[in-house]
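As provided, protein14.pdb (PDB, C-alpha atoms and all ligand atoms) reads as follows.
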```pdb
ATOM      1  CA  MET A  28      98.607  36.030  15.908  1.00  0.00           C
ATOM      2  CA  SER A  29      95.859  34.881  18.254  1.00  0.00           C
ATOM      3  CA  PRO A  30      96.175  36.076  21.847  1.00  0.00           C
ATOM      4  CA  HIS A  31      96.188  32.525  23.177  1.00  0.00           C
ATOM      5  CA  LEU A  32      97.558  29.193  22.165  1.00  0.00           C
ATOM      6  CA  THR A  33      95.253  26.196  22.046  1.00  0.00           C
ATOM      7  CA  ALA A  34      95.805  22.650  23.261  1.00  0.00           C
ATOM      8  CA  ASP A  35      94.381  19.167  23.026  1.00  0.00           C
ATOM      9  CA  GLU A  36      94.764  15.937  24.971  1.00  0.00           C
ATOM     10  CA  ARG A  37      98.238  15.371  23.577  1.00  0.00           C
ATOM     11  CA  GLY A  38      99.786  18.775  23.934  1.00  0.00           C
ATOM     12  CA  ILE A  39      99.996  22.458  23.139  1.00  0.00           C
ATOM     13  CA  ILE A  40      99.476  23.591  19.550  1.00  0.00           C
ATOM     14  CA  LEU A  41     102.307  25.942  18.631  1.00  0.00           C
ATOM     15  CA  PRO A  42     102.478  27.648  15.232  1.00  0.00           C
ATOM     16  CA  CYS A  43     105.955  27.649  13.700  1.00  0.00           C
ATOM     17  CA  PRO A  44     107.161  31.266  13.493  1.00  0.00           C
ATOM     18  CA  ALA A  45     109.043  30.466  10.272  1.00  0.00           C
ATOM     19  CA  CYS A  46     106.409  28.640   8.172  1.00  0.00           C
ATOM     20  CA  GLY A  47     103.164  28.861  10.157  1.00  0.00           C
ATOM     21  CA  THR A  48     102.645  25.096  10.442  1.00  0.00           C
ATOM     22  CA  SER A  49     100.893  24.022  13.658  1.00  0.00           C
ATOM     23  CA  ASN A  50     103.191  21.830  15.722  1.00  0.00           C
ATOM     24  CA  ARG A  51     102.069  19.903  18.786  1.00  0.00           C
ATOM     25  CA  ILE A  52     104.297  20.197  21.854  1.00  0.00           C
ATOM     26  CA  ALA A  53     103.677  17.208  24.144  1.00  0.00           C
ATOM     27  CA  TYR A  54     103.002  18.327  27.736  1.00  0.00           C
ATOM     28  CA  ALA A  55     105.831  16.134  28.983  1.00  0.00           C
ATOM     29  CA  LYS A  56     108.261  17.826  26.573  1.00  0.00           C
ATOM     30  CA  ALA A  57     107.255  21.455  27.085  1.00  0.00           C
ATOM     31  CA  ALA A  58     110.571  22.181  28.832  1.00  0.00           C
ATOM     32  CA  GLN A  59     112.510  21.280  25.678  1.00  0.00           C
ATOM     33  CA  GLN A  60     112.703  23.158  22.412  1.00  0.00           C
ATOM     34  CA  GLY A  61     111.580  21.120  19.442  1.00  0.00           C
ATOM     35  CA  ARG A  62     111.867  21.632  15.723  1.00  0.00           C
ATOM     36  CA  CYS A  63     109.091  22.334  13.260  1.00  0.00           C
ATOM     37  CA  GLY A  64     107.863  19.114  11.620  1.00  0.00           C
ATOM     38  CA  THR A  65     107.641  20.865   8.266  1.00  0.00           C
ATOM     39  CA  CYS A  66     110.548  23.308   7.896  1.00  0.00           C
ATOM     40  CA  LYS A  67     112.786  22.050  10.762  1.00  0.00           C
ATOM     41  CA  ALA A  68     113.203  25.552  12.206  1.00  0.00           C
ATOM     42  CA  GLU A  69     113.742  25.584  15.965  1.00  0.00           C
ATOM     43  CA  LEU A  70     110.440  26.223  17.731  1.00  0.00           C
ATOM     44  CA  PRO A  71     110.346  28.796  20.522  1.00  0.00           C
ATOM     45  CA  HIS A  72     109.368  27.880  24.063  1.00  0.00           C
ATOM     46  CA  VAL A  73     105.694  28.266  24.842  1.00  0.00           C
ATOM     47  CA  SER A  74     105.553  31.953  25.792  1.00  0.00           C
ATOM     48  CA  GLU A  75     101.834  32.743  25.624  1.00  0.00           C
ATOM     49  CA  PRO A  76      98.886  31.684  27.771  1.00  0.00           C
ATOM     50  CA  VAL A  77      97.268  28.439  26.612  1.00  0.00           C
ATOM     51  CA  GLU A  78      93.485  28.238  26.510  1.00  0.00           C
ATOM     52  CA  ILE A  79      92.241  24.986  28.041  1.00  0.00           C
ATOM     53  CA  THR A  80      88.699  24.162  26.947  1.00  0.00           C
ATOM     54  CA  SER A  81      88.120  20.539  27.968  1.00  0.00           C
ATOM     55  CA  ALA A  82      88.375  18.593  31.200  1.00  0.00           C
ATOM     56  CA  SER A  83      90.301  15.782  29.516  1.00  0.00           C
ATOM     57  CA  ASP A  84      92.852  18.195  28.027  1.00  0.00           C
ATOM     58  CA  PHE A  85      93.210  19.721  31.482  1.00  0.00           C
ATOM     59  CA  ALA A  86      93.747  16.321  33.109  1.00  0.00           C
ATOM     60  CA  ALA A  87      96.381  15.423  30.506  1.00  0.00           C
ATOM     61  CA  LEU A  88      98.201  18.717  31.076  1.00  0.00           C
ATOM     62  CA  ILE A  89      98.224  18.366  34.860  1.00  0.00           C
ATOM     63  CA  THR A  90      99.353  14.752  34.914  1.00  0.00           C
ATOM     64  CA  GLN A  91     101.929  14.959  32.124  1.00  0.00           C
ATOM     65  CA  SER A  92     103.569  18.372  32.416  1.00  0.00           C
ATOM     66  CA  THR A  93     107.111  18.353  33.760  1.00  0.00           C
ATOM     67  CA  LEU A  94     106.918  22.151  34.092  1.00  0.00           C
ATOM     68  CA  PRO A  95     104.933  23.967  36.782  1.00  0.00           C
ATOM     69  CA  VAL A  96     101.431  24.842  35.573  1.00  0.00           C
ATOM     70  CA  VAL A  97      99.709  28.089  36.529  1.00  0.00           C
ATOM     71  CA  ILE A  98      95.971  28.306  35.957  1.00  0.00           C
ATOM     72  CA  ASP A  99      94.180  31.628  35.495  1.00  0.00           C
ATOM     73  CA  PHE A 100      90.470  31.147  36.209  1.00  0.00           C
ATOM     74  CA  TRP A 101      88.570  33.901  34.409  1.00  0.00           C
ATOM     75  CA  ALA A 102      85.295  34.751  32.697  1.00  0.00           C
ATOM     76  CA  PRO A 103      84.470  37.184  29.877  1.00  0.00           C
ATOM     77  CA  TRP A 104      82.122  39.300  32.047  1.00  0.00           C
ATOM     78  CA  CYS A 105      84.719  39.813  34.820  1.00  0.00           C
ATOM     79  CA  GLY A 106      86.333  43.278  34.723  1.00  0.00           C
ATOM     80  CA  PRO A 107      89.365  42.477  36.902  1.00  0.00           C
ATOM     81  CA  CYS A 108      89.932  39.385  34.707  1.00  0.00           C
ATOM     82  CA  GLN A 109      90.186  41.647  31.648  1.00  0.00           C
ATOM     83  CA  MET A 110      92.706  43.830  33.516  1.00  0.00           C
ATOM     84  CA  MET A 111      94.593  40.699  34.493  1.00  0.00           C
ATOM     85  CA  ALA A 112      94.850  39.310  30.946  1.00  0.00           C
ATOM     86  CA  PRO A 113      97.845  41.424  29.775  1.00  0.00           C
ATOM     87  CA  GLU A 114      99.671  40.809  33.088  1.00  0.00           C
ATOM     88  CA  PHE A 115      99.116  37.076  32.744  1.00  0.00           C
ATOM     89  CA  ALA A 116     100.413  37.230  29.151  1.00  0.00           C
ATOM     90  CA  LYS A 117     103.480  39.164  30.352  1.00  0.00           C
ATOM     91  CA  ALA A 118     104.119  36.518  33.032  1.00  0.00           C
ATOM     92  CA  ALA A 119     103.766  33.766  30.405  1.00  0.00           C
ATOM     93  CA  ALA A 120     106.403  35.460  28.244  1.00  0.00           C
ATOM     94  CA  LYS A 121     108.808  35.844  31.169  1.00  0.00           C
ATOM     95  CA  ALA A 122     108.231  32.251  32.319  1.00  0.00           C
ATOM     96  CA  ALA A 123     108.761  30.769  28.826  1.00  0.00           C
ATOM     97  CA  GLY A 124     110.525  27.420  29.167  1.00  0.00           C
ATOM     98  CA  SER A 125     110.086  27.314  32.950  1.00  0.00           C
ATOM     99  CA  ALA A 126     106.301  27.189  33.430  1.00  0.00           C
ATOM    100  CA  ILE A 127     103.100  26.726  31.435  1.00  0.00           C
ATOM    101  CA  LEU A 128     100.451  29.372  32.004  1.00  0.00           C
ATOM    102  CA  VAL A 129      96.929  28.362  31.093  1.00  0.00           C
ATOM    103  CA  LYS A 130      93.538  30.044  31.094  1.00  0.00           C
ATOM    104  CA  VAL A 131      90.315  28.330  32.110  1.00  0.00           C
ATOM    105  CA  ASN A 132      86.989  30.057  31.410  1.00  0.00           C
ATOM    106  CA  THR A 133      84.907  29.319  34.516  1.00  0.00           C
ATOM    107  CA  ASP A 134      81.615  29.807  32.641  1.00  0.00           C
ATOM    108  CA  GLU A 135      82.534  27.039  30.233  1.00  0.00           C
ATOM    109  CA  ARG A 136      84.457  24.784  32.610  1.00  0.00           C
ATOM    110  CA  GLN A 137      82.649  24.909  35.921  1.00  0.00           C
ATOM    111  CA  ASP A 138      83.771  21.323  36.472  1.00  0.00           C
ATOM    112  CA  ILE A 139      87.446  22.387  36.609  1.00  0.00           C
ATOM    113  CA  ALA A 140      86.685  25.519  38.655  1.00  0.00           C
ATOM    114  CA  SER A 141      84.768  23.504  41.246  1.00  0.00           C
ATOM    115  CA  GLN A 142      87.636  21.020  41.456  1.00  0.00           C
ATOM    116  CA  PHE A 143      89.695  23.953  42.773  1.00  0.00           C
ATOM    117  CA  ARG A 144      86.804  25.454  44.789  1.00  0.00           C
ATOM    118  CA  VAL A 145      87.131  28.696  42.852  1.00  0.00           C
ATOM    119  CA  GLN A 146      84.790  31.337  44.255  1.00  0.00           C
ATOM    120  CA  GLY A 147      85.926  34.808  43.194  1.00  0.00           C
ATOM    121  CA  ILE A 148      87.774  35.442  39.936  1.00  0.00           C
ATOM    122  CA  PRO A 149      90.378  36.065  38.759  1.00  0.00           C
ATOM    123  CA  ALA A 150      91.797  33.153  40.715  1.00  0.00           C
ATOM    124  CA  PHE A 151      95.066  31.295  40.274  1.00  0.00           C
ATOM    125  CA  ALA A 152      96.309  27.817  41.052  1.00  0.00           C
ATOM    126  CA  LEU A 153      99.913  26.616  40.949  1.00  0.00           C
ATOM    127  CA  ILE A 154     100.553  22.953  40.196  1.00  0.00           C
ATOM    128  CA  LYS A 155     103.915  21.254  40.386  1.00  0.00           C
ATOM    129  CA  ASN A 156     104.452  17.569  39.582  1.00  0.00           C
ATOM    130  CA  GLY A 157     100.699  17.073  39.396  1.00  0.00           C
ATOM    131  CA  LYS A 158     100.131  18.473  42.875  1.00  0.00           C
ATOM    132  CA  LEU A 159      98.358  21.648  43.905  1.00  0.00           C
ATOM    133  CA  VAL A 160     101.002  23.822  45.587  1.00  0.00           C
ATOM    134  CA  ALA A 161      99.235  27.148  46.083  1.00  0.00           C
ATOM    135  CA  GLN A 162      96.146  29.156  45.230  1.00  0.00           C
ATOM    136  CA  THR A 163      95.510  32.882  45.251  1.00  0.00           C
ATOM    137  CA  SER A 164      92.955  35.284  43.823  1.00  0.00           C
ATOM    138  CA  GLY A 165      92.513  38.863  42.706  1.00  0.00           C
ATOM    139  CA  PHE A 166      94.441  41.062  40.289  1.00  0.00           C
ATOM    140  CA  GLN A 167      98.194  40.370  40.319  1.00  0.00           C
ATOM    141  CA  PRO A 168     100.802  42.408  38.447  1.00  0.00           C
ATOM    142  CA  ALA A 169     102.982  40.067  36.361  1.00  0.00           C
ATOM    143  CA  ASP A 170     105.979  40.407  38.687  1.00  0.00           C
ATOM    144  CA  ARG A 171     103.928  39.526  41.764  1.00  0.00           C
ATOM    145  CA  LEU A 172     102.491  36.493  39.988  1.00  0.00           C
ATOM    146  CA  LEU A 173     105.993  35.388  38.935  1.00  0.00           C
ATOM    147  CA  ALA A 174     107.254  35.703  42.533  1.00  0.00           C
ATOM    148  CA  TRP A 175     104.250  33.704  43.779  1.00  0.00           C
ATOM    149  CA  MET A 176     105.011  30.987  41.191  1.00  0.00           C
ATOM    150  CA  ARG A 177     108.468  30.389  42.659  1.00  0.00           C
ATOM    151  CA  GLN A 178     107.139  28.758  45.819  1.00  0.00           C
ATOM    152  CA  GLY A 179     106.677  25.031  46.349  1.00  0.00           C
TER     153      GLY A 179
HETATM  154 ZN    ZN A 201     108.096  25.586  10.226  1.00  0.00          ZN
END
```

Please render this file's structure as structure tokens.
Ligand SMILES: [Zn+2]
Amino acid sequence: MSPHLTADERGIILPCPACGTSNRIAYAKAAQQGRCGTCKAELPHVSEPVEITSASDFAALITQSTLPVVIDFWAPWCGPCQMMAPEFAKAAAKAAGSAILVKVNTDERQDIASQFRVQGIPAFALIKNGKLVAQTSGFQPADRLLAWMRQG
């Protein structure tokens, strides 16, 4: 299994654990559990970080998600970001069904990073109902990140 899920303008691509078919979970329906379009098995909640690679996908996520969205701004050359990756994945698993955790590579998406005035990475932004609620930066153990996510 890949370490991250992918997404497009319409939603998060979630492989069915039963048959492997890629299902798309609409951002607005991420709080609900759907069924696989092919085998009808119940799909799990999104429980892994989602890699966001385009500004339009990001805009769709932010405007449509009914769940809080947590952004991890990172880059491949950043040591603390590598240390952060398993903690962020742990937080995503614990927050399954209650928040969407996404990763934005600041080398590839400087446009999104500058929108949030990201300077040092790793950096995090918390968005609820399309609005920026909080930002923080630096390594965070999963439990500290989860506590931080509860505000707003
Ligand atoms: Zn299936």

Need the shell around Gly38 of chain A: protein/DNA/RNA residues with any atom at most 6 Å away, counting only C-alpha atoms. Skip same-chain ones fewer than 6 positions apart. Format as a list in words?
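The contact residues come out as Arg51, Ile52, Ala53 and Tyr54 of chain A.
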
Once the PyMOL selection byres (((not hetatm)) within 6 of (chain A and resi 201)) has been evaluated on this model, what residues remain selected, and can you format them as a list in words?
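Selection result, ordered by chain and number: Cys43, Ala45, Cys46, Gly47, Thr48, Cys63, Thr65, Cys66, Lys67 and Ala68 of chain A.
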
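The interatomic distance for the pair atom CA of Gly124 of chain A and atom CA of Lys56 of chain A works out to 10.2 Å.
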
Do you have, as JSON lines, the list of residues of segment 67-122 of chain A lying at most 10 Å from segment 168-177 of chain A, each with its nearest atom pair and that distance in Å to one decimal, counting only C-alpha atoms and ordered by chain then number?
```
{"residue": "A:Pro95", "atom": "CA", "partner": "A:Met176", "partner_atom": "CA", "distance": 8.3}
{"residue": "A:Val96", "atom": "CA", "partner": "A:Met176", "partner_atom": "CA", "distance": 9.1}
{"residue": "A:Val97", "atom": "CA", "partner": "A:Met176", "partner_atom": "CA", "distance": 7.6}
{"residue": "A:Met110", "atom": "CA", "partner": "A:Pro168", "partner_atom": "CA", "distance": 9.6}
{"residue": "A:Met111", "atom": "CA", "partner": "A:Pro168", "partner_atom": "CA", "distance": 7.6}
{"residue": "A:Ala112", "atom": "CA", "partner": "A:Ala169", "partner_atom": "CA", "distance": 9.8}
{"residue": "A:Pro113", "atom": "CA", "partner": "A:Ala169", "partner_atom": "CA", "distance": 8.5}
{"residue": "A:Glu114", "atom": "CA", "partner": "A:Ala169", "partner_atom": "CA", "distance": 4.7}
{"residue": "A:Phe115", "atom": "CA", "partner": "A:Ala169", "partner_atom": "CA", "distance": 6.1}
{"residue": "A:Ala116", "atom": "CA", "partner": "A:Ala169", "partner_atom": "CA", "distance": 8.2}
{"residue": "A:Lys117", "atom": "CA", "partner": "A:Ala169", "partner_atom": "CA", "distance": 6.1}
{"residue": "A:Ala118", "atom": "CA", "partner": "A:Ala169", "partner_atom": "CA", "distance": 5.0}
{"residue": "A:Ala119", "atom": "CA", "partner": "A:Ala169", "partner_atom": "CA", "distance": 8.7}
{"residue": "A:Ala120", "atom": "CA", "partner": "A:Ala169", "partner_atom": "CA", "distance": 9.9}
{"residue": "A:Lys121", "atom": "CA", "partner": "A:Leu173", "partner_atom": "CA", "distance": 8.3}
{"residue": "A:Ala122", "atom": "CA", "partner": "A:Leu173", "partner_atom": "CA", "distance": 7.7}
```

Taking the point (93.7, 31.3, 33.1) as given in the file, collect each protein or nucleic acid residue that comes within 12 Å of it, counting only C-alpha atoms, and present the set as a PDB file with C-alpha atoms, in the frame of the given file.
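Saved to out.pdb:
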```pdb
ATOM      1  CA  HIS A  31      96.188  32.525  23.177  1.00  0.00           C
ATOM      2  CA  LEU A  32      97.558  29.193  22.165  1.00  0.00           C
ATOM      3  CA  GLU A  75     101.834  32.743  25.624  1.00  0.00           C
ATOM      4  CA  PRO A  76      98.886  31.684  27.771  1.00  0.00           C
ATOM      5  CA  VAL A  77      97.268  28.439  26.612  1.00  0.00           C
ATOM      6  CA  GLU A  78      93.485  28.238  26.510  1.00  0.00           C
ATOM      7  CA  ILE A  79      92.241  24.986  28.041  1.00  0.00           C
ATOM      8  CA  THR A  80      88.699  24.162  26.947  1.00  0.00           C
ATOM      9  CA  PHE A  85      93.210  19.721  31.482  1.00  0.00           C
ATOM     10  CA  VAL A  96     101.431  24.842  35.573  1.00  0.00           C
ATOM     11  CA  VAL A  97      99.709  28.089  36.529  1.00  0.00           C
ATOM     12  CA  ILE A  98      95.971  28.306  35.957  1.00  0.00           C
ATOM     13  CA  ASP A  99      94.180  31.628  35.495  1.00  0.00           C
ATOM     14  CA  PHE A 100      90.470  31.147  36.209  1.00  0.00           C
ATOM     15  CA  TRP A 101      88.570  33.901  34.409  1.00  0.00           C
ATOM     16  CA  ALA A 102      85.295  34.751  32.697  1.00  0.00           C
ATOM     17  CA  PRO A 103      84.470  37.184  29.877  1.00  0.00           C
ATOM     18  CA  CYS A 108      89.932  39.385  34.707  1.00  0.00           C
ATOM     19  CA  GLN A 109      90.186  41.647  31.648  1.00  0.00           C
ATOM     20  CA  MET A 111      94.593  40.699  34.493  1.00  0.00           C
ATOM     21  CA  ALA A 112      94.850  39.310  30.946  1.00  0.00           C
ATOM     22  CA  PRO A 113      97.845  41.424  29.775  1.00  0.00           C
ATOM     23  CA  GLU A 114      99.671  40.809  33.088  1.00  0.00           C
ATOM     24  CA  PHE A 115      99.116  37.076  32.744  1.00  0.00           C
ATOM     25  CA  ALA A 116     100.413  37.230  29.151  1.00  0.00           C
ATOM     26  CA  ALA A 118     104.119  36.518  33.032  1.00  0.00           C
ATOM     27  CA  ALA A 119     103.766  33.766  30.405  1.00  0.00           C
ATOM     28  CA  ILE A 127     103.100  26.726  31.435  1.00  0.00           C
ATOM     29  CA  LEU A 128     100.451  29.372  32.004  1.00  0.00           C
ATOM     30  CA  VAL A 129      96.929  28.362  31.093  1.00  0.00           C
ATOM     31  CA  LYS A 130      93.538  30.044  31.094  1.00  0.00           C
ATOM     32  CA  VAL A 131      90.315  28.330  32.110  1.00  0.00           C
ATOM     33  CA  ASN A 132      86.989  30.057  31.410  1.00  0.00           C
ATOM     34  CA  THR A 133      84.907  29.319  34.516  1.00  0.00           C
ATOM     35  CA  ARG A 136      84.457  24.784  32.610  1.00  0.00           C
ATOM     36  CA  ILE A 139      87.446  22.387  36.609  1.00  0.00           C
ATOM     37  CA  ALA A 140      86.685  25.519  38.655  1.00  0.00           C
ATOM     38  CA  ILE A 148      87.774  35.442  39.936  1.00  0.00           C
ATOM     39  CA  PRO A 149      90.378  36.065  38.759  1.00  0.00           C
ATOM     40  CA  ALA A 150      91.797  33.153  40.715  1.00  0.00           C
ATOM     41  CA  PHE A 151      95.066  31.295  40.274  1.00  0.00           C
ATOM     42  CA  ALA A 152      96.309  27.817  41.052  1.00  0.00           C
ATOM     43  CA  LEU A 153      99.913  26.616  40.949  1.00  0.00           C
ATOM     44  CA  SER A 164      92.955  35.284  43.823  1.00  0.00           C
TER      45      SER A 164
END
```

Which of A:Pro71, A:Gly157, A:Pro42, A:Gly147 sits closest to Gln59 of chain A [using all atoms listed in the file]:
A:Pro71

Atom pair atom CA of Glu36 of chain A / atom CA of Val73 of chain A: separation (Å):
16.5 Å

Name the closest residue to Thr90 of chain A among the candidates A:Leu41, A:Leu70, A:Ile154, A:Cys105; distances are taken between atoms, counting all atoms listed in the file.
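Looking at the shortest contact to Thr90 of chain A, the residue is A:Ile154.
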
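The coordinates place atom CA of Ala55 of chain A at 13.2 Å from atom CA of His72 of chain A.
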
Work out where the centre of an axis-aligned box around every listed atom of segment 31-36 of chain A lies and how long its edges are once 4 Å is added on each side; give both in Å to one decimal as AutoDock Vina command-line options.
```
--center_x 96.0 --center_y 24.2 --center_z 23.5 --size_x 11.2 --size_y 24.6 --size_z 10.9
```

Name the closest residue to Arg62 of chain A among the candidates A:Gln167, A:Ser81, A:Ser74, A:Ser49; distances are taken between atoms, counting all atoms listed in the file.
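Nearest to Arg62 of chain A: A:Ser49.
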